[in-house]
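As provided, protein25.txt (compact mmCIF, C-alpha atoms) reads as follows.
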```txt
# COMPACT_ATOMS: atom_id res chain seq x y z
CA MET A 1 -27.09 -9.73 -21.59
CA ALA A 2 -23.32 -10.04 -21.69
CA GLU A 3 -22.96 -6.25 -21.48
CA ALA A 4 -25.22 -6.08 -18.42
CA ARG A 5 -23.29 -8.87 -16.71
CA ARG A 6 -20.00 -7.13 -17.45
CA ARG A 7 -21.32 -3.88 -15.98
CA TRP A 8 -22.59 -5.66 -12.85
CA LEU A 9 -19.26 -7.38 -12.36
CA SER A 10 -17.41 -4.06 -12.72
CA GLU A 11 -19.64 -2.43 -10.10
CA ARG A 12 -19.18 -5.39 -7.77
CA LEU A 13 -15.43 -5.20 -8.07
CA THR A 14 -15.58 -1.48 -7.35
CA VAL A 15 -17.62 -2.09 -4.19
CA ARG A 16 -15.23 -4.81 -3.07
CA THR A 17 -12.30 -2.47 -3.56
CA CYS A 18 -14.00 0.27 -1.55
CA LEU A 19 -14.62 -2.16 1.30
CA LYS A 20 -10.90 -2.85 1.61
CA PRO A 21 -9.38 -0.10 3.78
CA ARG A 22 -5.85 -0.90 2.66
CA ARG A 23 -6.58 -0.17 -1.00
CA VAL A 24 -8.67 2.87 -0.20
CA ALA A 25 -5.95 4.27 2.09
CA ARG A 26 -3.31 3.79 -0.58
CA ALA A 27 -5.47 5.51 -3.19
CA VAL A 28 -6.28 8.43 -0.86
CA PHE A 29 -2.99 8.98 0.98
CA HIS A 30 -0.54 8.00 -1.75
CA PRO A 31 -1.82 9.90 -4.80
CA ALA A 32 -0.02 9.98 -8.12
CA TRP A 33 1.50 13.41 -7.54
CA VAL A 34 3.61 12.17 -4.60
CA PRO A 35 7.12 11.59 -5.98
CA ALA A 36 8.62 8.13 -5.82
CA ALA A 37 11.70 7.37 -3.75
CA LEU A 38 15.02 8.10 -5.41
CA ASP A 39 16.66 4.83 -4.43
CA PRO A 40 15.95 1.79 -2.21
CA THR A 41 18.28 3.01 0.55
CA VAL A 42 16.35 6.25 1.05
CA GLU A 43 13.10 4.29 1.01
CA GLY A 44 14.46 1.92 3.66
CA LEU A 45 15.45 4.87 5.84
CA LYS A 46 11.94 6.27 5.52
CA ARG A 47 10.38 2.99 6.62
CA PHE A 48 12.59 2.81 9.67
CA ARG A 49 11.77 6.45 10.44
CA ILE A 50 8.07 5.59 10.23
CA ILE A 51 8.49 2.87 12.85
CA CYS A 52 10.27 5.22 15.23
CA GLY A 53 7.73 7.97 14.65
CA THR A 54 4.88 5.57 15.35
CA VAL A 55 6.46 4.58 18.64
CA ALA A 56 6.74 8.25 19.55
CA ALA A 57 3.13 9.04 18.55
CA VAL A 58 1.40 6.07 20.20
CA GLY A 59 3.54 6.03 23.35
CA VAL A 60 5.26 2.80 24.18
CA TYR A 61 4.95 3.53 27.88
CA THR A 62 1.27 2.56 27.71
CA VAL A 63 2.40 -1.03 27.25
CA VAL A 64 5.20 -0.90 29.80
CA GLN A 65 2.93 0.41 32.55
CA GLY A 66 1.06 -2.88 32.59
CA GLY A 67 -1.43 -3.48 29.85
CA PHE A 68 -2.26 -1.67 26.65
CA ALA A 69 -4.21 1.52 27.42
CA PHE A 70 -6.49 1.93 24.40
CA ASP A 71 -8.04 5.21 25.56
CA GLU A 72 -4.61 6.66 26.19
CA MET A 73 -3.53 5.61 22.71
CA LEU A 74 -6.49 7.48 21.21
CA THR A 75 -5.57 10.54 23.27
CA ASN A 76 -1.99 10.33 22.03
CA MET A 77 -3.25 10.08 18.44
CA LEU A 78 -5.27 13.26 18.86
CA THR A 79 -2.35 15.02 20.51
CA ALA A 80 -0.01 13.97 17.71
CA CYS A 81 -2.51 15.23 15.11
CA LEU A 82 -2.77 18.61 16.82
CA VAL A 83 1.01 18.89 16.99
CA VAL A 84 1.34 17.98 13.31
CA LEU A 85 -1.44 20.40 12.36
CA VAL A 86 0.40 23.26 14.04
CA ILE A 87 4.04 22.43 13.45
CA THR A 88 3.85 21.39 9.78
CA PRO A 89 2.66 24.77 8.43
CA LEU A 90 5.06 26.61 10.74
CA THR A 91 8.06 24.55 9.64
CA VAL A 92 7.18 24.80 5.96
CA GLY A 93 6.64 28.55 6.40
CA ALA A 94 10.09 28.88 7.99
CA MET A 95 11.65 27.04 5.04
CA LEU A 96 9.77 29.26 2.59
CA TYR A 97 11.35 32.22 4.36
CA VAL A 98 14.78 30.63 3.91
CA TRP A 99 14.11 29.86 0.24
CA ARG A 100 12.91 33.37 -0.56
CA ARG A 101 16.43 34.38 -1.67
CA THR A 102 16.48 32.01 -4.64
CA GLY A 103 12.79 31.52 -5.49
CA THR A 104 9.20 32.49 -4.81
CA VAL A 105 6.24 30.90 -3.08
CA ARG A 106 4.22 31.13 -6.29
CA GLN A 107 6.42 28.44 -7.85
CA LEU A 108 5.44 26.02 -5.07
CA ARG A 109 1.74 26.88 -4.78
CA ALA A 110 0.38 23.67 -6.32
CA PRO A 111 2.37 21.13 -4.22
CA LEU A 112 1.81 23.22 -1.08
CA VAL A 113 -1.97 23.18 -1.56
CA ASP A 114 -1.96 19.45 -2.30
CA SER A 115 0.07 18.74 0.84
CA LEU A 116 -2.28 20.85 2.96
CA LYS A 117 -5.30 18.95 1.62
CA LEU A 118 -3.63 15.62 2.43
CA LEU A 119 -2.80 16.83 5.95
CA LEU A 120 -6.35 17.97 6.67
CA LEU A 121 -7.81 14.78 5.20
CA PHE A 122 -5.67 12.57 7.42
CA ILE A 123 -6.39 14.56 10.59
CA GLY A 124 -10.10 14.47 9.79
CA SER A 125 -9.88 10.69 9.41
CA VAL A 126 -8.20 10.35 12.79
CA PHE A 127 -10.85 12.48 14.51
CA MET A 128 -13.61 10.48 12.84
CA THR A 129 -11.99 7.26 14.07
CA VAL A 130 -11.89 8.53 17.65
CA VAL A 131 -15.54 9.64 17.41
CA MET A 132 -16.62 6.21 16.13
CA TRP A 133 -14.83 4.42 18.96
CA ALA A 134 -16.43 6.78 21.48
CA LEU A 135 -19.90 6.11 20.02
CA SER A 136 -19.36 2.37 20.05
CA LYS A 137 -18.47 2.48 23.75
CA ALA A 138 -20.94 5.06 25.04
CA GLY A 139 -23.73 5.02 22.47
CA GLY A 140 -25.54 2.01 23.81
CA PRO A 141 -26.52 -1.20 22.00
CA PHE A 142 -28.16 0.72 19.14
CA PHE A 143 -24.80 2.25 18.08
CA LEU A 144 -22.63 -0.68 19.10
CA LEU A 145 -22.69 -2.67 15.85
CA PRO A 146 -22.63 0.09 13.18
CA ALA A 147 -20.27 2.37 15.10
CA GLY A 148 -18.04 -0.57 16.03
CA LEU A 149 -17.75 -1.78 12.45
CA ALA A 150 -17.08 1.76 11.23
CA ALA A 151 -14.46 2.24 13.96
CA ILE A 152 -12.65 -0.97 13.01
CA TRP A 153 -12.67 -0.05 9.32
CA LEU A 154 -11.46 3.49 10.03
CA THR A 155 -8.73 2.24 12.38
CA TRP A 156 -7.32 -0.02 9.67
CA PHE A 157 -7.75 2.80 7.13
CA VAL A 158 -5.93 5.34 9.32
CA GLY A 159 -3.17 2.87 10.20
CA VAL A 160 -2.37 2.12 6.57
CA GLY A 161 -2.73 5.80 5.70
CA ALA A 162 -0.30 6.75 8.47
CA VAL A 163 2.35 4.54 6.88
CA HIS A 164 1.91 6.30 3.53
CA VAL A 165 1.76 9.88 4.81
CA SER A 166 4.68 9.36 7.18
CA GLY A 167 6.93 8.28 4.31
CA ASN A 168 6.46 11.55 2.41
CA PHE A 169 5.01 13.51 5.37
CA PHE A 170 1.71 14.47 3.79
CA GLY A 171 3.16 14.90 0.34
CA THR A 172 5.74 17.50 1.37
CA ALA A 173 8.29 15.44 -0.57
CA GLY A 174 6.58 16.95 -3.61
CA VAL A 175 7.63 20.38 -2.35
CA HIS A 176 11.18 19.47 -1.30
CA ARG A 177 12.80 16.07 -0.82
CA CYS A 178 14.34 17.15 2.51
CA LEU A 179 11.10 18.35 4.08
CA PRO A 180 9.85 14.90 5.26
CA PRO A 181 12.94 14.11 7.39
CA LEU A 182 13.00 17.68 8.72
CA LEU A 183 9.31 17.60 9.68
CA ALA A 184 9.65 14.15 11.24
CA THR A 185 12.51 15.38 13.42
CA VAL A 186 10.72 18.53 14.58
CA THR A 187 7.48 16.66 15.28
CA THR A 188 9.02 13.88 17.36
CA TRP A 189 10.99 16.36 19.47
CA LEU A 190 7.89 18.46 20.11
CA MET A 191 6.04 15.31 21.17
CA ALA A 192 8.78 14.55 23.70
CA LEU A 193 9.34 18.11 24.98
CA PRO A 194 6.34 18.26 27.38
CA ASP A 195 7.50 15.13 29.19
CA LEU A 196 11.06 16.42 29.29
CA LEU A 197 10.10 19.85 30.66
CA THR A 198 7.66 18.53 33.25
CA GLY A 199 9.73 15.50 34.22
CA ASP A 200 6.70 13.26 33.76
CA LEU A 201 8.07 9.73 33.32
CA HIS A 202 4.58 8.14 33.33
CA GLY A 203 5.31 5.92 36.27
CA LEU A 204 8.55 4.55 34.84
CA SER A 205 11.94 4.52 36.48
CA LEU A 206 14.44 7.24 35.58
CA THR A 207 16.38 5.01 33.19
CA LEU A 208 13.33 3.62 31.40
CA GLY A 209 11.72 7.05 31.29
CA ILE A 210 14.75 8.60 29.58
CA VAL A 211 15.04 5.69 27.16
CA PHE A 212 11.37 5.73 26.12
CA ILE A 213 11.03 9.52 26.02
CA LEU A 214 14.30 10.31 24.22
CA GLY A 215 14.67 7.07 22.27
CA ALA A 216 12.25 7.92 19.47
CA PRO A 217 13.30 11.56 18.80
CA VAL A 218 17.01 10.73 18.95
CA THR A 219 16.57 7.79 16.57
CA VAL A 220 14.37 9.77 14.18
CA THR A 221 16.88 12.63 14.18
CA ALA A 222 19.79 10.32 13.40
CA ILE A 223 17.88 8.68 10.54
CA ALA A 224 16.74 12.06 9.20
CA LEU A 225 20.30 13.41 9.20
CA LEU A 226 21.53 10.31 7.41
CA GLU A 227 18.72 10.59 4.87
CA MET A 228 19.44 14.27 4.17
CA HIS A 229 23.18 13.56 3.95
CA ARG A 230 22.53 10.90 1.34
CA LEU A 231 20.25 13.23 -0.62
CA ARG A 232 22.92 15.93 -0.55
CA SER A 233 25.92 13.75 -1.37
CA ARG A 234 24.31 11.52 -4.01
CA TYR A 235 21.77 13.79 -5.67
CA GLY A 236 22.86 17.32 -4.79
CA ILE A 237 19.63 18.08 -2.90
CA ARG A 238 20.24 20.61 -0.14
CA LEU A 239 17.67 21.68 2.40
CA SER A 240 18.63 25.35 2.05
CA ALA A 241 18.14 25.36 -1.74
CA HIS A 242 14.83 26.43 -3.25
CA PRO A 243 13.12 23.45 -4.95
CA ALA A 244 12.90 25.38 -8.21
CA THR A 245 16.70 25.57 -8.36
CA LEU A 246 17.14 21.79 -8.02
CA PRO A 247 17.44 19.63 -11.14
CA PRO A 248 14.53 17.28 -11.89
CA LEU A 249 15.30 13.83 -10.56
CA ARG A 250 13.98 10.39 -11.34
CA PRO A 251 14.25 7.20 -9.31
CA THR A 252 17.32 5.15 -10.11
CA MET A 253 16.59 2.26 -12.45
CA PRO A 254 18.75 -0.78 -13.20
CA PRO A 255 20.39 -0.80 -16.63
CA GLN A 256 18.22 -2.25 -19.34
CA GLY A 257 19.14 -4.05 -22.55
CA ASN A 258 22.44 -5.45 -23.74
CA PRO A 259 25.41 -3.51 -22.26
CA PHE A 260 27.52 -4.42 -25.32
CA GLY A 261 25.09 -2.95 -27.85
CA ASN A 262 23.58 -4.90 -30.68
CA ASN A 263 26.61 -7.15 -31.23
CA PRO A 264 26.17 -10.24 -29.01
CA TYR A 265 29.88 -11.13 -29.40
CA ALA A 266 31.30 -7.74 -28.37
CA GLY A 267 33.88 -8.12 -25.61
CA ASN A 268 34.04 -11.90 -26.13
CA PRO A 269 37.64 -13.12 -26.85
CA TYR A 270 36.22 -16.24 -28.49
CA ALA A 271 34.00 -14.37 -30.92
CA PRO A 272 34.03 -15.85 -34.43
CA GLY A 273 36.43 -14.01 -36.72
CA PRO A 274 36.64 -13.84 -40.51
CA SER A 275 36.71 -17.22 -42.21
CA PRO A 276 40.17 -18.17 -43.59
CA TYR A 277 38.53 -20.05 -46.44
CA GLN A 278 37.31 -18.13 -49.43
CA PRO A 279 34.03 -19.25 -50.94
CA GLN A 280 34.38 -21.49 -54.01
CA ARG A 281 33.24 -20.13 -57.35
```
Here is the file; what I need is its structure written in the form of C-alpha cells.
Amino acid sequence: MAEARRRWLSERLTVRTCLKPRRVARAVFHPAWVPAALDPTVEGLKRFRIICGTVAAVGVYTVVQGGFAFDEMLTNMLTACLVVLVITPLTVGAMLYVWRRTGTVRQLRAPLVDSLKLLLLFIGSVFMTVVMWALSKAGGPFFLLPAGLAAIWLTWFVGVGAVHVSGNFFGTAGVHRCLPPLLATVTTWLMALPDLLTGDLHGLSLTLGIVFILGAPVTVTAIALLEMHRLRSRYGIRLSAHPATLPPLRPTMPPQGNPFGNNPYAGNPYAPGPSPYQPQR
C-alpha cells in the first residue's frame, strides 16, 4: 500500500511538473550540455543583450503606433524565426571556414548537431504557438477552449525558452563562447536592414523611427563587442581561434576553505606562542 501511494505521488508530481511551462522550457531549452557562464559579468551582459534582442524581434513600434498589435507581434516572431533559421547556419558556416586553418569540422560535430536540434525545436515551438492562436481565433467555439489553452501554455513556454536560447543562442556557446554575441549582432542587424533600406518607419516620425529601428542593433552590437572583449582579455578566448585550440574553462568560483591552511592562528600577531613555564615533574 505504501509503495503504491509513493508511486502515485511520484506520477502526480511528474504531471504537475509537465504542466508548468517554465520548468518544461528550462529542461528543453537549457540542457545539461550547454556550458555555464564563465563569470557573473558575462552573464549580466547576456541578459541585457536578451532584452535588446527581444525588443528588436517583437518590434516596439507596435506599441508606439497606438495599442499593442498582437497579430503584428506574431508576424514579427515568424519573421525573426525565419531570419534566425537562415542566418545562424550561414554565420556558423563562415566561422567554420575561418577556423579551418587550425582545426577541423569533425572535432565540432557533436555540439553543432546539438545546436541545430535546439534551433529547430525552438522554431517548431514558435510555429505551433502561432497555429494555436490562429485556431483559437478562427476555429469557432469548438476550438476556442482547447486551442486557447494550448496557445496560452505554448506562449509562456516559448517566452521562457526564448530567454534560455538567447543567452547561449541555441547552444552555440557549446561550440565557441564568442558565437552567441556574434550571432546576436548579425541577427539584429538583419532584422533592421529591411526597414533601413526601404525607409519604412512604420508611421513614426524620422527621429523616433531611427531610434526604434537602430536602437536595438546598435545596443546589441555594443554589448556583444564588450562581451567578446572581456572573453578575450580575461580568458584568452578569441573569435578567430578554433574551439579545439582553446583551453578548457570552468566558471569562476569563490575561494573555499580556510585561506591560511589548517592552522587557525596563521597570520594572527596575537597567536599563542610557546609557554615560558616548563611543566613540573
Using only C-alpha atoms, the residue out of A:Glu43, A:Leu119, A:Leu183, A:Thr188 with shortest distance to Ala94 in chain A is A:Leu183
(message) Counting all atoms listed in the file, which residues sit no farther than 12 Å from the position (-17.9, 2.7, 21.7) in the file's frame? I'd like them as a list in words.
(response)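 Residues lying no farther than 12 Å from the given point: Phe70, Asp71, Thr129, Val130, Val131, Met132, Trp133, Ala134, Leu135, Ser136, Lys137, Ala138, Gly139, Gly140, Pro141, Phe142, Phe143, Leu144, Leu145, Pro146, Ala147, Gly148, Leu149, Ala150, Ala151 and Ile152 of chain A.
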Which residues of range 172-238 of chain A have any atom within 12 Å of an atom in range 95-104 of chain A when counting all atoms listed in the file, and what is the closest pair of atoms for each, with the distance in Å to one decimal? Order the rows by chain and rising number and write it as a Markdown table.
```
| residue | atom | partner | partner_atom | distance |
| --- | --- | --- | --- | --- |
| A:Thr172 | CA | A:Met95 | CA | 11.8 |
| A:Val175 | CA | A:Leu96 | CA | 10.4 |
| A:His176 | CA | A:Met95 | CA | 9.9 |
| A:Cys178 | CA | A:Met95 | CA | 10.6 |
| A:Leu179 | CA | A:Met95 | CA | 8.8 |
| A:Leu182 | CA | A:Met95 | CA | 10.1 |
| A:Leu183 | CA | A:Met95 | CA | 10.8 |
| A:Arg238 | CA | A:Trp99 | CA | 11.1 |
```
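Among the candidates A:Ile87, A:Val218, A:Ala162, A:Leu38, the residue lying nearest to Tyr235 in chain A is A:Leu38 (atoms considered: only C-alpha atoms).
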Tell me which of A:Val126, A:Ile213, A:Leu108, A:Leu246 sits closest to Leu197 in chain A, counting all atoms listed in the file.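 Selected residue with least distance to Leu197 in chain A: A:Ile213.
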query: Which residue gives the smallest distance to Asn168 in chain A among A:Leu196, A:Leu214, A:Ala222, A:Ala184, with all atoms listed in the file counted?
result: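 With all atoms listed in the file as the atom set, the closest residue is A:Ala184.
Relative to CA of Val160 in chain A, CA of Arg22 in chain A is found at 6.0 Å.
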Query raised in the report: If I put a ball of radius 12 Å at (11.7, 6.7, 11.5) in the file's coordinates, which residues poke into it when counting only C-alpha atoms, written as a PyMOL selection string?
Result: chain A and resi 42-57+163+166-169+180-185+187-188+215-227
Residues from last step as file, C-alpha atoms, as a PDB file, keeping the file's coordinate frame:
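Writing done, so here's selection.pdb:
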```
ATOM      1  CA  VAL A  42      16.350   6.250   1.050  1.00  0.00           C
ATOM      2  CA  GLU A  43      13.100   4.290   1.010  1.00  0.00           C
ATOM      3  CA  GLY A  44      14.460   1.920   3.660  1.00  0.00           C
ATOM      4  CA  LEU A  45      15.450   4.870   5.840  1.00  0.00           C
ATOM      5  CA  LYS A  46      11.940   6.270   5.520  1.00  0.00           C
ATOM      6  CA  ARG A  47      10.380   2.990   6.620  1.00  0.00           C
ATOM      7  CA  PHE A  48      12.590   2.810   9.670  1.00  0.00           C
ATOM      8  CA  ARG A  49      11.770   6.450  10.440  1.00  0.00           C
ATOM      9  CA  ILE A  50       8.070   5.590  10.230  1.00  0.00           C
ATOM     10  CA  ILE A  51       8.490   2.870  12.850  1.00  0.00           C
ATOM     11  CA  CYS A  52      10.270   5.220  15.230  1.00  0.00           C
ATOM     12  CA  GLY A  53       7.730   7.970  14.650  1.00  0.00           C
ATOM     13  CA  THR A  54       4.880   5.570  15.350  1.00  0.00           C
ATOM     14  CA  VAL A  55       6.460   4.580  18.640  1.00  0.00           C
ATOM     15  CA  ALA A  56       6.740   8.250  19.550  1.00  0.00           C
ATOM     16  CA  ALA A  57       3.130   9.040  18.550  1.00  0.00           C
ATOM     17  CA  VAL A 163       2.350   4.540   6.880  1.00  0.00           C
ATOM     18  CA  SER A 166       4.680   9.360   7.180  1.00  0.00           C
ATOM     19  CA  GLY A 167       6.930   8.280   4.310  1.00  0.00           C
ATOM     20  CA  ASN A 168       6.460  11.550   2.410  1.00  0.00           C
ATOM     21  CA  PHE A 169       5.010  13.510   5.370  1.00  0.00           C
ATOM     22  CA  PRO A 180       9.850  14.900   5.260  1.00  0.00           C
ATOM     23  CA  PRO A 181      12.940  14.110   7.390  1.00  0.00           C
ATOM     24  CA  LEU A 182      13.000  17.680   8.720  1.00  0.00           C
ATOM     25  CA  LEU A 183       9.310  17.600   9.680  1.00  0.00           C
ATOM     26  CA  ALA A 184       9.650  14.150  11.240  1.00  0.00           C
ATOM     27  CA  THR A 185      12.510  15.380  13.420  1.00  0.00           C
ATOM     28  CA  THR A 187       7.480  16.660  15.280  1.00  0.00           C
ATOM     29  CA  THR A 188       9.020  13.880  17.360  1.00  0.00           C
ATOM     30  CA  GLY A 215      14.670   7.070  22.270  1.00  0.00           C
ATOM     31  CA  ALA A 216      12.250   7.920  19.470  1.00  0.00           C
ATOM     32  CA  PRO A 217      13.300  11.560  18.800  1.00  0.00           C
ATOM     33  CA  VAL A 218      17.010  10.730  18.950  1.00  0.00           C
ATOM     34  CA  THR A 219      16.570   7.790  16.570  1.00  0.00           C
ATOM     35  CA  VAL A 220      14.370   9.770  14.180  1.00  0.00           C
ATOM     36  CA  THR A 221      16.880  12.630  14.180  1.00  0.00           C
ATOM     37  CA  ALA A 222      19.790  10.320  13.400  1.00  0.00           C
ATOM     38  CA  ILE A 223      17.880   8.680  10.540  1.00  0.00           C
ATOM     39  CA  ALA A 224      16.740  12.060   9.200  1.00  0.00           C
ATOM     40  CA  LEU A 225      20.300  13.410   9.200  1.00  0.00           C
ATOM     41  CA  LEU A 226      21.530  10.310   7.410  1.00  0.00           C
ATOM     42  CA  GLU A 227      18.720  10.590   4.870  1.00  0.00           C
TER      43      GLU A 227
END
```
Using all atoms listed in the file, which residue out of A:Phe127, A:Phe170, A:Met228, A:Leu239 lies closest to Asn76 in chain A?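 Checking each candidate against Asn76 in chain A, we get A:Phe127 as the closest.
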Between A:Gly124, A:Ala36, A:Arg177, A:Pro111, which is the closest to Gly236 in chain A once you count only C-alpha atoms?
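Of A:Gly124, A:Ala36, A:Arg177, A:Pro111, the one nearest Gly236 in chain A is A:Arg177, counting only C-alpha atoms.
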Taken to one decimal, the CA of Thr41 in chain A-CA of Thr88 in chain A distance is 25.1 Å
re CA of Asp195 in chain A and CA of Thr75 in chain A: distance 15.1 Å
